[in-house]
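Data file: structure-v7.cif. Format and content: mmCIF, C-alpha atoms.
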data_my_file
#
loop_
_atom_site.label_atom_id
_atom_site.label_comp_id
_atom_site.auth_asym_id
_atom_site.auth_seq_id
_atom_site.Cartn_x
_atom_site.Cartn_y
_atom_site.Cartn_z
CA MET A 10 14.42 -5.76 -28.00
CA ASN A 11 14.38 -9.47 -28.92
CA LYS A 12 15.05 -11.09 -25.56
CA ILE A 13 12.32 -12.62 -23.41
CA ILE A 14 11.49 -10.31 -20.47
CA ARG A 15 11.48 -12.47 -17.34
CA ILE A 16 8.97 -11.30 -14.72
CA GLY A 17 9.71 -12.08 -11.08
CA THR A 18 6.80 -12.44 -8.68
CA ARG A 19 5.84 -13.83 -5.31
CA ASP A 20 3.83 -17.02 -5.79
CA SER A 21 0.65 -15.98 -3.96
CA GLN A 22 -2.52 -15.78 -6.05
CA LEU A 23 -2.66 -11.98 -5.82
CA ALA A 24 1.03 -11.50 -6.68
CA VAL A 25 0.74 -13.82 -9.69
CA TRP A 26 -2.38 -11.93 -10.82
CA GLN A 27 -0.40 -8.67 -10.69
CA ALA A 28 2.51 -10.22 -12.57
CA ASN A 29 0.17 -11.58 -15.24
CA LEU A 30 -1.32 -8.11 -15.64
CA VAL A 31 2.15 -6.75 -16.42
CA LYS A 32 2.85 -9.77 -18.65
CA GLY A 33 -0.24 -8.92 -20.70
CA LEU A 34 0.73 -5.24 -20.97
CA LEU A 35 4.21 -6.14 -22.26
CA GLU A 36 2.84 -8.70 -24.72
CA GLU A 37 0.36 -6.11 -26.04
CA LYS A 38 3.43 -4.04 -26.95
CA GLY A 39 5.00 -6.99 -28.77
CA PHE A 40 7.43 -8.24 -26.13
CA GLN A 41 7.95 -11.91 -25.25
CA THR A 42 7.68 -12.68 -21.53
CA GLU A 43 7.81 -15.44 -18.96
CA LEU A 44 6.91 -15.58 -15.23
CA VAL A 45 9.49 -16.57 -12.61
CA PRO A 46 7.69 -17.21 -9.28
CA LEU A 47 9.55 -17.11 -5.94
CA LYS A 48 8.57 -17.36 -2.29
CA SER A 49 9.31 -14.24 -0.21
CA ASP A 50 10.16 -14.21 3.48
CA GLY A 51 6.86 -12.44 4.07
CA ASP A 52 4.97 -15.38 2.57
CA ILE A 53 6.90 -18.13 4.37
CA ASP A 54 6.50 -16.71 7.89
CA LEU A 55 2.76 -16.47 8.49
CA VAL A 56 2.93 -16.00 12.26
CA THR A 57 5.20 -13.04 13.09
CA PRO A 58 3.34 -9.70 12.86
CA LEU A 59 4.45 -7.76 9.78
CA TYR A 60 5.77 -4.86 11.84
CA ALA A 61 8.16 -7.22 13.69
CA MET A 62 9.71 -8.51 10.47
CA GLY A 63 12.39 -5.94 9.73
CA VAL A 64 10.04 -2.97 9.23
CA GLN A 65 9.75 -2.35 5.46
CA GLY A 66 10.64 -4.55 2.53
CA VAL A 67 9.57 -7.89 3.99
CA PHE A 68 7.73 -8.79 0.78
CA THR A 69 10.24 -7.24 -1.62
CA LYS A 70 13.76 -8.09 -0.44
CA THR A 71 13.72 -11.68 -1.75
CA LEU A 72 12.68 -10.46 -5.20
CA ASP A 73 15.16 -7.56 -5.05
CA SER A 74 18.00 -9.99 -4.36
CA ALA A 75 16.98 -12.29 -7.21
CA LEU A 76 16.53 -9.32 -9.58
CA LEU A 77 20.04 -8.04 -8.81
CA SER A 78 21.33 -11.61 -9.35
CA ASN A 79 19.83 -11.56 -12.86
CA ARG A 80 17.35 -14.37 -12.18
CA PHE A 81 14.74 -12.23 -13.93
CA ASP A 82 14.48 -8.78 -15.52
CA ILE A 83 11.60 -7.08 -13.70
CA ALA A 84 9.77 -7.56 -10.41
CA VAL A 85 6.13 -6.66 -9.77
CA HIS A 86 5.10 -5.39 -6.33
CA SER A 87 2.12 -3.98 -4.50
CA MET A 88 3.59 -0.50 -4.19
CA LYS A 89 2.57 -0.02 -0.56
CA ASP A 90 4.96 -2.91 0.33
CA VAL A 91 7.97 -1.25 -1.31
CA PRO A 92 10.40 0.68 0.96
CA THR A 93 10.61 4.39 0.17
CA GLN A 94 14.37 3.88 -0.25
CA MET A 95 14.71 1.16 -2.88
CA ALA A 96 17.67 -1.23 -2.96
CA GLN A 97 20.79 0.11 -4.66
CA GLY A 98 20.85 -0.90 -8.31
CA ILE A 99 17.06 -1.15 -8.61
CA VAL A 100 14.89 1.58 -10.15
CA GLU A 101 11.23 2.28 -10.81
CA ALA A 102 10.29 1.16 -14.33
CA ALA A 103 6.53 1.76 -14.29
CA VAL A 104 3.59 2.55 -12.04
CA LEU A 105 0.25 1.11 -13.16
CA PRO A 106 -3.08 2.97 -12.95
CA ARG A 107 -4.31 2.79 -9.37
CA ALA A 108 -7.15 0.46 -8.38
CA SER A 109 -9.24 1.12 -5.27
CA PHE A 110 -7.21 2.63 -2.42
CA LYS A 111 -9.89 1.78 0.15
CA ASP A 112 -9.90 -0.58 3.12
CA LEU A 113 -12.80 -2.97 3.65
CA LEU A 114 -14.37 -4.50 6.72
CA VAL A 115 -15.47 -8.08 6.06
CA PRO A 116 -17.89 -8.87 8.90
CA LYS A 117 -18.43 -12.46 10.00
CA ASN A 118 -22.08 -12.20 11.05
CA GLY A 119 -23.40 -8.75 10.28
CA THR A 120 -22.35 -5.29 11.48
CA GLU A 121 -24.56 -4.77 14.51
CA PHE A 122 -21.44 -4.86 16.70
CA LEU A 123 -20.29 -1.53 15.22
CA SER A 124 -23.11 0.36 16.93
CA ASP A 125 -22.96 -1.51 20.26
CA GLY A 126 -20.89 0.68 22.56
CA ALA A 127 -20.95 -1.92 25.33
CA TYR A 128 -19.66 -4.82 23.22
CA SER A 129 -15.91 -5.43 22.98
CA ALA A 130 -15.70 -6.70 19.40
CA LEU A 131 -12.70 -8.68 18.14
CA VAL A 132 -11.44 -7.45 14.77
CA ALA A 133 -8.52 -8.96 12.83
CA THR A 134 -5.78 -7.10 10.93
CA SER A 135 -2.02 -7.38 10.53
CA SER A 136 -1.66 -3.65 9.81
CA ILE A 137 -0.86 -1.32 12.68
CA ARG A 138 -2.17 1.57 10.55
CA ARG A 139 -5.57 -0.10 10.38
CA LYS A 140 -5.35 -1.08 14.04
CA ALA A 141 -4.60 2.48 15.20
CA GLN A 142 -7.37 4.06 13.11
CA TRP A 143 -9.85 1.37 14.19
CA LEU A 144 -9.05 1.82 17.89
CA HIS A 145 -9.30 5.60 17.51
CA ARG A 146 -12.86 5.14 16.26
CA TYR A 147 -13.77 2.10 18.39
CA PRO A 148 -11.58 2.30 21.53
CA HIS A 149 -13.65 -0.41 23.26
CA HIS A 150 -12.80 -3.00 20.57
CA ARG A 151 -9.92 -5.50 20.57
CA ILE A 152 -7.57 -6.23 17.66
CA THR A 153 -6.11 -9.63 16.82
CA ASN A 154 -3.28 -10.39 14.39
CA LEU A 155 -4.12 -11.63 10.88
CA ARG A 156 -1.38 -12.94 8.57
CA GLY A 157 -1.21 -14.95 5.37
CA ASN A 158 -2.28 -14.28 1.81
CA VAL A 159 -5.77 -13.07 0.96
CA ASN A 160 -7.18 -16.59 0.65
CA THR A 161 -5.69 -17.65 3.99
CA ARG A 162 -7.06 -14.55 5.72
CA LEU A 163 -10.58 -15.15 4.46
CA ARG A 164 -10.39 -18.78 5.60
CA LYS A 165 -9.18 -17.71 9.06
CA LEU A 166 -12.07 -15.26 9.34
CA ALA A 167 -14.50 -18.12 8.63
CA GLU A 168 -12.80 -20.40 11.18
CA GLU A 169 -12.02 -18.03 14.05
CA ASP A 170 -14.28 -16.42 16.64
CA TRP A 171 -13.86 -12.93 15.22
CA ASP A 172 -16.44 -10.25 14.50
CA GLY A 173 -14.70 -9.15 11.33
CA ALA A 174 -11.43 -8.58 9.51
CA ILE A 175 -10.00 -5.65 7.55
CA PHE A 176 -8.67 -6.06 4.00
CA ALA A 177 -7.44 -3.85 1.16
CA ALA A 178 -10.24 -3.56 -1.39
CA ALA A 179 -7.83 -3.83 -4.33
CA GLY A 180 -6.42 -7.15 -3.14
CA LEU A 181 -9.83 -8.80 -2.86
CA GLU A 182 -11.24 -7.25 -6.02
CA ARG A 183 -8.31 -8.15 -8.27
CA ILE A 184 -8.83 -11.88 -7.68
CA ASN A 185 -12.63 -11.69 -7.45
CA LEU A 186 -12.77 -12.56 -3.75
CA ARG A 187 -14.58 -9.50 -2.39
CA PRO A 188 -17.44 -10.86 -0.24
CA ASP A 189 -20.90 -9.40 -0.81
CA ALA A 190 -21.03 -8.40 2.86
CA ALA A 191 -17.84 -6.29 2.67
CA ILE A 192 -18.18 -2.63 3.70
CA GLU A 193 -15.92 0.17 2.45
CA LEU A 194 -14.35 2.06 5.33
CA ASN A 195 -14.59 5.51 3.80
CA TRP A 196 -13.35 7.11 7.03
CA MET A 197 -10.09 5.10 7.03
CA LEU A 198 -7.12 6.72 5.26
CA PRO A 199 -5.05 4.20 3.27
CA ALA A 200 -1.40 3.31 3.40
CA PRO A 201 0.76 5.42 1.07
CA ALA A 202 0.50 3.96 -2.48
CA GLN A 203 -2.26 1.51 -1.53
CA GLY A 204 -3.95 0.13 -4.65
CA ALA A 205 -0.97 0.92 -6.92
CA ILE A 206 1.28 -1.65 -8.61
CA LEU A 207 5.00 -0.93 -9.11
CA VAL A 208 7.28 -2.54 -11.70
CA VAL A 209 11.01 -2.33 -10.95
CA CYS A 210 14.09 -3.36 -12.92
CA ARG A 211 17.85 -3.13 -12.71
CA GLU A 212 19.34 0.32 -13.09
CA ASN A 213 21.79 -0.96 -15.72
CA ASP A 214 19.01 -2.35 -17.97
CA PRO A 215 17.74 0.64 -20.00
CA ALA A 216 16.04 -1.55 -22.64
CA THR A 217 13.72 -3.11 -20.06
CA GLN A 218 13.08 0.29 -18.49
CA GLU A 219 12.09 1.62 -21.91
CA ALA A 220 9.72 -1.30 -22.51
CA CYS A 221 7.95 -0.73 -19.18
CA ARG A 222 7.60 3.03 -19.71
CA LEU A 223 5.14 2.22 -22.49
CA PHE A 224 2.44 1.47 -19.90
CA HIS A 225 3.54 3.85 -17.13
CA ASP A 226 0.69 5.92 -15.63
CA SER A 227 2.03 9.37 -14.82
CA THR A 228 -1.03 10.51 -12.82
CA THR A 229 -0.85 7.58 -10.39
CA ALA A 230 2.93 7.95 -10.20
CA HIS A 231 2.60 11.64 -9.28
CA CYS A 232 0.07 10.93 -6.53
CA VAL A 233 1.88 7.98 -4.95
CA ARG A 234 5.20 9.83 -5.01
CA ILE A 235 3.62 12.59 -2.89
CA GLU A 236 2.27 9.97 -0.47
CA ARG A 237 5.61 8.16 -0.22
CA ASP A 238 7.48 11.46 0.27
CA PHE A 239 5.14 12.13 3.20
CA LEU A 240 5.93 8.69 4.65
CA LYS A 241 9.68 9.05 4.10
CA THR A 242 9.86 12.54 5.64
CA LEU A 243 8.02 11.33 8.75
CA MET A 244 10.56 8.46 8.88
CA GLY A 245 7.74 5.97 9.08
CA GLY A 246 7.67 2.33 8.03
CA CYS A 247 5.50 -0.68 8.67
CA SER A 248 5.86 -0.06 12.41
CA THR A 249 4.39 3.46 12.29
CA PRO A 250 0.66 4.12 11.68
CA ILE A 251 1.06 6.65 8.87
CA SER A 252 -1.61 7.17 6.22
CA ALA A 253 -1.58 9.29 3.08
CA LEU A 254 -3.76 9.84 0.04
CA ALA A 255 -3.20 12.20 -2.88
CA GLU A 256 -6.00 12.46 -5.44
CA MET A 257 -6.09 14.29 -8.74
CA GLU A 258 -9.15 16.53 -9.06
CA GLN A 259 -10.28 19.08 -11.62
CA THR A 260 -11.61 22.55 -10.99
CA ILE A 261 -12.62 25.46 -13.22
CA ASN A 262 -10.91 28.81 -12.58
CA ASP A 263 -12.42 32.27 -13.04
CA ALA A 264 -11.30 32.31 -16.67
CA GLY A 265 -13.21 29.09 -17.39
CA GLN A 266 -10.05 27.02 -17.67
CA THR A 267 -9.83 23.48 -16.31
CA ILE A 268 -7.11 23.24 -13.64
CA GLN A 269 -5.65 19.97 -12.36
CA MET A 270 -5.52 19.97 -8.57
CA ILE A 271 -4.05 17.57 -6.02
CA ARG A 272 -6.07 16.97 -2.87
CA PHE A 273 -3.80 15.50 -0.18
CA ARG A 274 -4.78 14.02 3.16
CA GLY A 275 -2.29 12.60 5.64
CA SER A 276 -2.21 11.42 9.23
CA ILE A 277 -0.10 9.77 11.90
CA PHE A 278 -1.42 7.89 14.93
CA SER A 279 -0.02 6.47 18.13
CA LEU A 280 -0.14 2.67 18.22
CA ASP A 281 -3.23 2.64 20.45
CA GLY A 282 -5.04 5.22 18.32
CA ALA A 283 -5.41 7.60 21.24
CA THR A 284 -3.16 10.32 19.80
CA HIS A 285 -3.17 11.48 16.21
CA LEU A 286 -2.35 14.37 13.91
CA ALA A 287 -3.94 14.93 10.50
CA LEU A 288 -4.05 17.52 7.75
CA GLU A 289 -5.60 18.18 4.35
CA LYS A 290 -4.28 20.38 1.54
CA THR A 291 -5.43 21.10 -2.02
CA ILE A 292 -3.04 22.78 -4.48
CA GLU A 293 -2.45 22.92 -8.23
CA ALA A 294 -0.92 19.67 -9.50
CA ASN A 295 1.95 21.45 -11.26
CA GLN A 296 2.96 23.02 -7.93
CA ALA A 297 2.67 19.81 -5.89
CA GLU A 298 6.13 18.34 -6.42
CA ALA A 299 7.15 18.94 -2.79
CA LEU A 300 3.66 18.57 -1.29
CA GLY A 301 4.38 15.31 0.57
CA VAL A 302 7.52 16.67 2.18
CA LEU A 303 5.91 19.99 3.14
CA ALA A 304 2.85 18.26 4.62
CA ALA A 305 5.05 15.96 6.70
CA GLN A 306 7.14 18.89 7.91
CA GLU A 307 3.96 20.65 8.98
CA LEU A 308 2.91 17.64 11.07
CA ILE A 309 6.42 17.38 12.53
CA GLN A 310 6.09 21.00 13.71
CA GLN A 311 2.83 19.94 15.38
CA GLY A 312 4.53 17.05 17.21
CA ALA A 313 4.53 14.10 14.79
CA ASP A 314 8.20 13.48 15.59
CA LYS A 315 7.22 12.84 19.21
CA ILE A 316 4.72 10.17 18.11
CA VAL A 317 7.39 8.50 15.96
CA ALA A 318 9.94 8.64 18.82
CA SER A 319 7.42 7.18 21.25
CA ILE A 320 6.73 4.26 18.92
CA LYS A 321 10.44 3.61 18.35
CA ASN A 322 10.95 3.59 22.12
CA GLY A 323 8.29 0.91 22.46
CA HIS A 324 5.49 3.04 23.93
#
Encoded form (structure tokens):
Amino acid sequence: MNKIIRIGTRDSQLAVWQANLVKGLLEEKGFQTELVPLKSDGDIDLVTPLYAMGVQGVFTKTLDSALLSNRFDIAVHSMKDVPTQMAQGIVEAAVLPRASFKDLLVPKNGTEFLSDGAYSALVATSSIRRKAQWLHRYPHHRITNLRGNVNTRLRKLAEEDWDGAIFAAAGLERINLRPDAAIELNWMLPAPAQGAILVVCRENDPATQEACRLFHDSTTAHCVRIERDFLKTLMGGCSTPISALAEMEQTINDAGQTIQMIRFRGSIFSLDGATHLALEKTIEANQAEALGVLAAQELIQQGADKIVASIKNGH
């Protein structure tokens, strides 16, 4: 493959970092590359809450359109931003090894407010998943909207009269912006595929697909596919507080053999955090192909479809 592989990316610092990571991986394999930065609709509109901007795909549709128009050969995305149903003509080329899947609280002036049951703290996030889980744990708190890239969000936290803001750990850590005061929210389940990077290309470009498969991480791909199947089966998008995490674990059986297991946790919340359903399952990794779908169906039998319907009806 002699052609230069053109890499499409949003022009935010984090997106360019991710694209440069893929650029380096391709160049390590001997391919020539160049970056093609674009602005996405999600980056231009920094006011409208994410869940009001056409549900899923707000950060990917501009790149998808340009990819299909042959303006570049691959696009690099934070996988949690990618719709579970990708655009026609675009396919998964590679999933990179997952970074941290955790959410962080960045407090403005300490964390004493977390233990004060009489204080109505003001916490910033643009994610309704984070909002619902936060309000479930701290129903006396208030949530305010937080938009913009990572740098903009940190600046707003410094400027506004907020007690703290919630960020994805991977986003802050990748560009060395994680504040020393940040606290990992180990009780908060992440968005499906949080911390994973997805490389996509055109379906009719097998040479580029082949190049990207050289750095594809099958373990991460297996786990995030289960999480995204869970999301898709529940018919959730950016406007539904759905969380999912599949982790590969090892165990020793009675015969002393090492067995690969998948531990899956998933949940769905009402928008105000008052109602939720959750489950946890651990099964052998080679039997986990349908785990995301089966887990979602189990929650639907418990009433998850009613939560989804209520949200769609504006309640």
Legend entry - the PyMOL selection byres ((chain A and resi 160) around 12) resolved against shown file, as a ChimeraX atom specification: /A:21-23,155-159,161-167,176,180-181,184-188
Legend entry - Interatomic distance, atom CA of Arg222 of chain A to atom CA of Asp82 of chain A (Å, one decimal):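 According to the coordinates, atom CA of Arg222 of chain A and atom CA of Asp82 of chain A are separated by 14.3 Å.
Every residue that the PyMOL selection byres ((chain A and resi 199) around 7) selects in this file is listed here: Phe110, Lys111, Asp112, Met197, Leu198, Ala200, Pro201, Gln203, Ser252, Ala253 and Leu254 of chain A.
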Name all residues at most 12 Å from Ser129 of chain A (count only C-alpha atoms; drop same-chain ones fewer than 4 positions away) and give them as a short mmCIF file (atom, residue, chain, number, x, y, z; two decimals) with C-alpha atoms, in the coordinates of the input.
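Here's the written file around_39.cif:
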data_model
loop_
_atom_site.label_atom_id
_atom_site.label_comp_id
_atom_site.auth_asym_id
_atom_site.auth_seq_id
_atom_site.Cartn_x
_atom_site.Cartn_y
_atom_site.Cartn_z
CA PHE A 122 -21.44 -4.86 16.70
CA LEU A 123 -20.29 -1.53 15.22
CA SER A 124 -23.11 0.36 16.93
CA ASP A 125 -22.96 -1.51 20.26
CA LEU A 144 -9.05 1.82 17.89
CA TYR A 147 -13.77 2.10 18.39
CA PRO A 148 -11.58 2.30 21.53
CA HIS A 149 -13.65 -0.41 23.26
CA HIS A 150 -12.80 -3.00 20.57
CA ARG A 151 -9.92 -5.50 20.57
CA ILE A 152 -7.57 -6.23 17.66
CA TRP A 171 -13.86 -12.93 15.22
CA ASP A 172 -16.44 -10.25 14.50
#
Legend entry - Separation of atom CA of Gln269 of chain A from atom CA of Gln310 of chain A in Å: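 Atom CA of Gln310 of chain A sits 28.6 Å away from atom CA of Gln269 of chain A.
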Inset, instruction - Run the PyMOL selection byres ((chain A and resi 234-251) around 6) against the file shown and list the residues it catches, as a list in words. - result: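 When the PyMOL selection byres ((chain A and resi 234-251) around 6) is applied, the selected residues are Tyr60, Val64, Gln65, Ile137, Arg138, Pro201, Ala230, His231, Cys232, Val233, Ser252, Ala253, Ser276, Ile277, Phe278, Gly301, Val302 and Ala305 of chain A.
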Legend entry - Contact residues around Ile175 of chain A with only C-alpha atoms at 7 Å, ignoring same-chain residues under 6 positions, as a PyMOL selection string: chain A and resi 112-115+133-134
Inset, instruction - Have a look at A:Tyr128, A:Phe224, A:Trp143, A:Phe273 and name the one nearest to Leu35 of chain A; count all atoms listed in the file. - result: A:Phe224
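Atom CA of Ala179 of chain A to atom CA of Ile206 of chain A spans 10.3 Å [interatomic distance, one decimal].
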Legend entry - Top pick for closest residue to Arg19 of chain A, considering A:Gly33, A:Pro116, A:Gly173, A:Pro46 and counting all atoms listed in the file: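 Comparing A:Gly33, A:Pro116, A:Gly173, A:Pro46 against Arg19 of chain A, the winner is A:Pro46.
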Inset, instruction - Give the answer as one residue: which of A:Ser87, A:Thr18, A:Thr284, A:Gln218 has the shortest atom-to-atom distance to Leu105 of chain A, using all atoms listed in the file? - result: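 Closest to Leu105 of chain A, using all atoms listed in the file: A:Ser87.
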Can you find the residues with an atom no farther than 12 Å from (-0.8, 13.8, -14.2), counting only C-alpha atoms, and report them as a tab-separated table (two decimals) with C-alpha atoms, keeping the file's coordinate frame?
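point-v9.tsv, written as the output of this step:
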chain	number	residue	atom	x	y	z
A	106	PRO	CA	-3.08	2.97	-12.95
A	225	HIS	CA	3.54	3.85	-17.13
A	226	ASP	CA	0.69	5.92	-15.63
A	227	SER	CA	2.03	9.37	-14.82
A	228	THR	CA	-1.03	10.51	-12.82
A	229	THR	CA	-0.85	7.58	-10.39
A	230	ALA	CA	2.93	7.95	-10.20
A	231	HIS	CA	2.60	11.64	-9.28
A	232	CYS	CA	0.07	10.93	-6.53
A	233	VAL	CA	1.88	7.98	-4.95
A	234	ARG	CA	5.20	9.83	-5.01
A	255	ALA	CA	-3.20	12.20	-2.88
A	256	GLU	CA	-6.00	12.46	-5.44
A	257	MET	CA	-6.09	14.29	-8.74
A	258	GLU	CA	-9.15	16.53	-9.06
A	259	GLN	CA	-10.28	19.08	-11.62
A	268	ILE	CA	-7.11	23.24	-13.64
A	269	GLN	CA	-5.65	19.97	-12.36
A	270	MET	CA	-5.52	19.97	-8.57
A	271	ILE	CA	-4.05	17.57	-6.02
A	293	GLU	CA	-2.45	22.92	-8.23
A	294	ALA	CA	-0.92	19.67	-9.50
A	295	ASN	CA	1.95	21.45	-11.26
A	296	GLN	CA	2.96	23.02	-7.93
A	297	ALA	CA	2.67	19.81	-5.89
A	298	GLU	CA	6.13	18.34	-6.42
Inset, instruction - For each of A:Glu121, A:Glu193, A:Asp214, A:Asp314, take the minimum atom-to-atom distance to Ala178 of chain A, counting all atoms listed in the file, then give the residue where this is smallest. - result: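 For Ala178 of chain A, the nearest of the candidates is A:Glu193.
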Legend entry - Among the residues A:Arg15, A:Lys38, A:Arg139, A:Lys117, the one that comes closest to Arg80 of chain A [using only C-alpha atoms]: A:Arg15
Inset, instruction - Give the answer as one residue: which of A:Asn11, A:Asn322, A:Asn154, A:Ser78 has the shortest atom-to-atom distance to Ser136 of chain A, using only C-alpha atoms? - result: A:Asn154
Given 4 Å on each side, where is the centre and what are the edge lengths in Å to one decimal of the axis-aligned box enclosing the listed atoms of segment 71-85 of chain A, as lines of an AutoDock Vina configuration file?
center_x = 13.7
center_y = -10.5
center_z = -8.6
size_x = 23.2
size_y = 15.7
size_z = 21.8
Inset, instruction - Just the residues within 9 Å of Leu47 of chain A, please, counting all atoms listed in the file, with nothing from its chain fewer than 5 positions along; format it as a PyMOL selection string. - result: chain A and resi 17-20+71-72+75
Residues near Ser279 of chain A, anyone? I mean within 9 Å using all atoms listed in the file, not counting same-chain ones fewer than 4 positions away, as a PDB file with C-alpha atoms, in the frame of the given file.
ATOM      1  CA  ALA A 141      -4.600   2.480  15.200  1.00  0.00           C
ATOM      2  CA  THR A 249       4.390   3.460  12.290  1.00  0.00           C
ATOM      3  CA  PRO A 250       0.660   4.120  11.680  1.00  0.00           C
ATOM      4  CA  ALA A 283      -5.410   7.600  21.240  1.00  0.00           C
ATOM      5  CA  THR A 284      -3.160  10.320  19.800  1.00  0.00           C
ATOM      6  CA  HIS A 285      -3.170  11.480  16.210  1.00  0.00           C
ATOM      7  CA  ILE A 316       4.720  10.170  18.110  1.00  0.00           C
ATOM      8  CA  VAL A 317       7.390   8.500  15.960  1.00  0.00           C
ATOM      9  CA  SER A 319       7.420   7.180  21.250  1.00  0.00           C
ATOM     10  CA  ILE A 320       6.730   4.260  18.920  1.00  0.00           C
ATOM     11  CA  HIS A 324       5.490   3.040  23.930  1.00  0.00           C
TER      12      HIS A 324
END
My structure is short of atoms at segment 182-196 of chain A; please model N, CA and C atoms there, returning them as a short mmCIF file (atom, residue, chain, number, x, y, z; two decimals), in the frame of the given file.
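Result went into part.cif, see below:
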data_model
loop_
_atom_site.label_atom_id
_atom_site.label_comp_id
_atom_site.auth_asym_id
_atom_site.auth_seq_id
_atom_site.Cartn_x
_atom_site.Cartn_y
_atom_site.Cartn_z
N GLU A 182 -10.56 -7.47 -4.74
CA GLU A 182 -11.24 -7.25 -6.02
C GLU A 182 -10.44 -7.79 -7.20
N ARG A 183 -9.13 -7.70 -7.13
CA ARG A 183 -8.31 -8.15 -8.27
C ARG A 183 -8.47 -9.64 -8.54
N ILE A 184 -8.68 -10.43 -7.48
CA ILE A 184 -8.83 -11.88 -7.68
C ILE A 184 -10.25 -12.34 -7.41
N ASN A 185 -11.19 -11.39 -7.53
CA ASN A 185 -12.63 -11.69 -7.45
C ASN A 185 -13.02 -12.40 -6.16
N LEU A 186 -12.46 -11.95 -5.03
CA LEU A 186 -12.77 -12.56 -3.75
C LEU A 186 -13.46 -11.60 -2.78
N ARG A 187 -13.91 -10.44 -3.29
CA ARG A 187 -14.58 -9.50 -2.39
C ARG A 187 -15.94 -10.05 -1.98
N PRO A 188 -16.14 -10.32 -0.68
CA PRO A 188 -17.44 -10.86 -0.24
C PRO A 188 -18.55 -9.82 -0.40
N ASP A 189 -19.76 -10.31 -0.64
CA ASP A 189 -20.90 -9.40 -0.81
C ASP A 189 -21.13 -8.55 0.44
N ALA A 190 -20.77 -9.10 1.60
CA ALA A 190 -21.03 -8.40 2.86
C ALA A 190 -19.98 -7.33 3.18
N ALA A 191 -18.92 -7.23 2.38
CA ALA A 191 -17.84 -6.29 2.67
C ALA A 191 -18.33 -4.84 2.65
N ILE A 192 -17.79 -4.04 3.57
CA ILE A 192 -18.18 -2.63 3.70
C ILE A 192 -16.94 -1.76 3.51
N GLU A 193 -17.04 -0.76 2.64
CA GLU A 193 -15.92 0.17 2.45
C GLU A 193 -15.80 1.09 3.66
N LEU A 194 -14.60 1.19 4.18
CA LEU A 194 -14.35 2.06 5.33
C LEU A 194 -13.91 3.43 4.82
N ASN A 195 -14.90 4.22 4.44
CA ASN A 195 -14.59 5.51 3.80
C ASN A 195 -13.90 6.48 4.75
N TRP A 196 -13.99 6.22 6.06
CA TRP A 196 -13.35 7.11 7.03
C TRP A 196 -11.88 6.73 7.26
#
